[in-house]
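Undergrad: Take a look at the following structure, please.
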Amino acid sequence: MSSERVVELLREAYADEIETVMNYQTNAIVLDGVRAEEIKESLQQDIQEELGHAEQLGQRLKQLDARPPGSAEFTAKQDSLQPPADSTDVLSVINGVLDAEEGAIATYRSLIDAAEDADDPVTEDLAVTLLSDEEAHRTEFRGFQKEYQRD
């Protein structure tokens, strides 16, 4: 059986993934302009991956006799990923995505450590896999950020 810390981090990661799906979807709808199209497409693709992450985390919680949080237990944290007032402000969305990815990376690194301490190799393996996905998203959006900052 995993530790309480592992379950706490799994629940946190689950909520973060669900919040990310909501914000990616909203920004993919709200952004305007020719330059926004590539970012919108990337967000749409990432929505499915992030939703898959949430499902995997929820399933792992179930396997540990815990449950993912419902909406009443949810506290939004992604202030920088809120849709911009100016729907053509693509750079603010890119920066918000990077903040969200950094948060996910930190959570998964903490989960890896907690799972290792709890002798829970299944959760550790899941966290390593999800960490790799989040690092790939970060790399993609760092590239977008460089391009937009150059302009």
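The chains in the structure tokens are called A, B, ... from first to last as shown; in each chain the residues are counted from 1, and the ligands are counted from 1 in the order shown.
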Which residues of stretch 14-34 of chain A come within 12 Å of stretch 124-144 of chain A, and what is each one's closest atom pair and distance in Å (one decimal), counting only C-alpha atoms, sorted by chain and residue number, as a Markdown table?

TA:
```
| residue | atom | partner | partner_atom | distance |
| --- | --- | --- | --- | --- |
| A:Tyr14 | CA | A:Leu130 | CA | 11.4 |
| A:Glu17 | CA | A:Glu134 | CA | 10.6 |
| A:Thr20 | CA | A:Glu134 | CA | 11.6 |
```

Undergrad: Using 10 Å as the limit and counting only C-alpha atoms, can you tabulate each residue of stretch 16-54 of chain A that touches stretch 87-91 of chain A, with its shortest atom-to-atom distance in Å and the two atoms involved, as a tab-separated table?

TA:
```
residue	atom	partner	partner_atom	distance
A:Asn27	CA	A:Ser87	CA	8.7
A:Ile29	CA	A:Ser87	CA	9.6
A:Val30	CA	A:Ser87	CA	6.1
A:Leu31	CA	A:Ser87	CA	4.8
A:Asp32	CA	A:Thr88	CA	5.1
A:Gly33	CA	A:Thr88	CA	6.0
A:Val34	CA	A:Thr88	CA	9.1
A:Arg35	CA	A:Val90	CA	7.8
A:Ala36	CA	A:Val90	CA	6.1
A:Glu37	CA	A:Val90	CA	9.7
A:Ile39	CA	A:Val90	CA	7.8
A:Lys40	CA	A:Val90	CA	9.4
```

Undergrad: Give me the residues within 9 Å of A:Ala114 as a PyMOL selection string, counting only C-alpha atoms and dropping any in the same chain fewer than 6 places off.

TA: chain A and resi 3+5-6+9+120+124

Undergrad: Generate a file of the selected residues that holds C-alpha atoms, formatted as a PDB file, in the first residue's frame.

TA:
```pdb
ATOM      1  CA  SER A   3       1.821   6.235   1.568  1.00  0.00           C
ATOM      2  CA  ARG A   5       1.874  11.410   0.519  1.00  0.00           C
ATOM      3  CA  VAL A   6       1.698   9.353  -2.681  1.00  0.00           C
ATOM      4  CA  LEU A   9       0.296  13.866  -4.879  1.00  0.00           C
ATOM      5  CA  ASP A 120       5.570   1.802  -4.869  1.00  0.00           C
ATOM      6  CA  GLU A 124       6.857   5.608  -9.683  1.00  0.00           C
TER       7      GLU A 124
END
```

Undergrad: Determine, for each residue of stretch 39-148 of chain A having at least one atom at most 8 Å from an atom of stretch 22-25 of chain A, the closest pair of atoms and their separation in Å to one decimal, counting only C-alpha atoms; order by chain and ascending number, as a Markdown table.

TA:
```
| residue | atom | partner | partner_atom | distance |
| --- | --- | --- | --- | --- |
| A:Leu43 | CA | A:Tyr24 | CA | 5.6 |
| A:Gln44 | CA | A:Gln25 | CA | 6.8 |
| A:Asp46 | CA | A:Tyr24 | CA | 7.9 |
| A:Ile47 | CA | A:Tyr24 | CA | 6.5 |
| A:Leu81 | CA | A:Asn23 | CA | 6.4 |
| A:Gln82 | CA | A:Asn23 | CA | 6.5 |
| A:Pro83 | CA | A:Asn23 | CA | 7.5 |
```
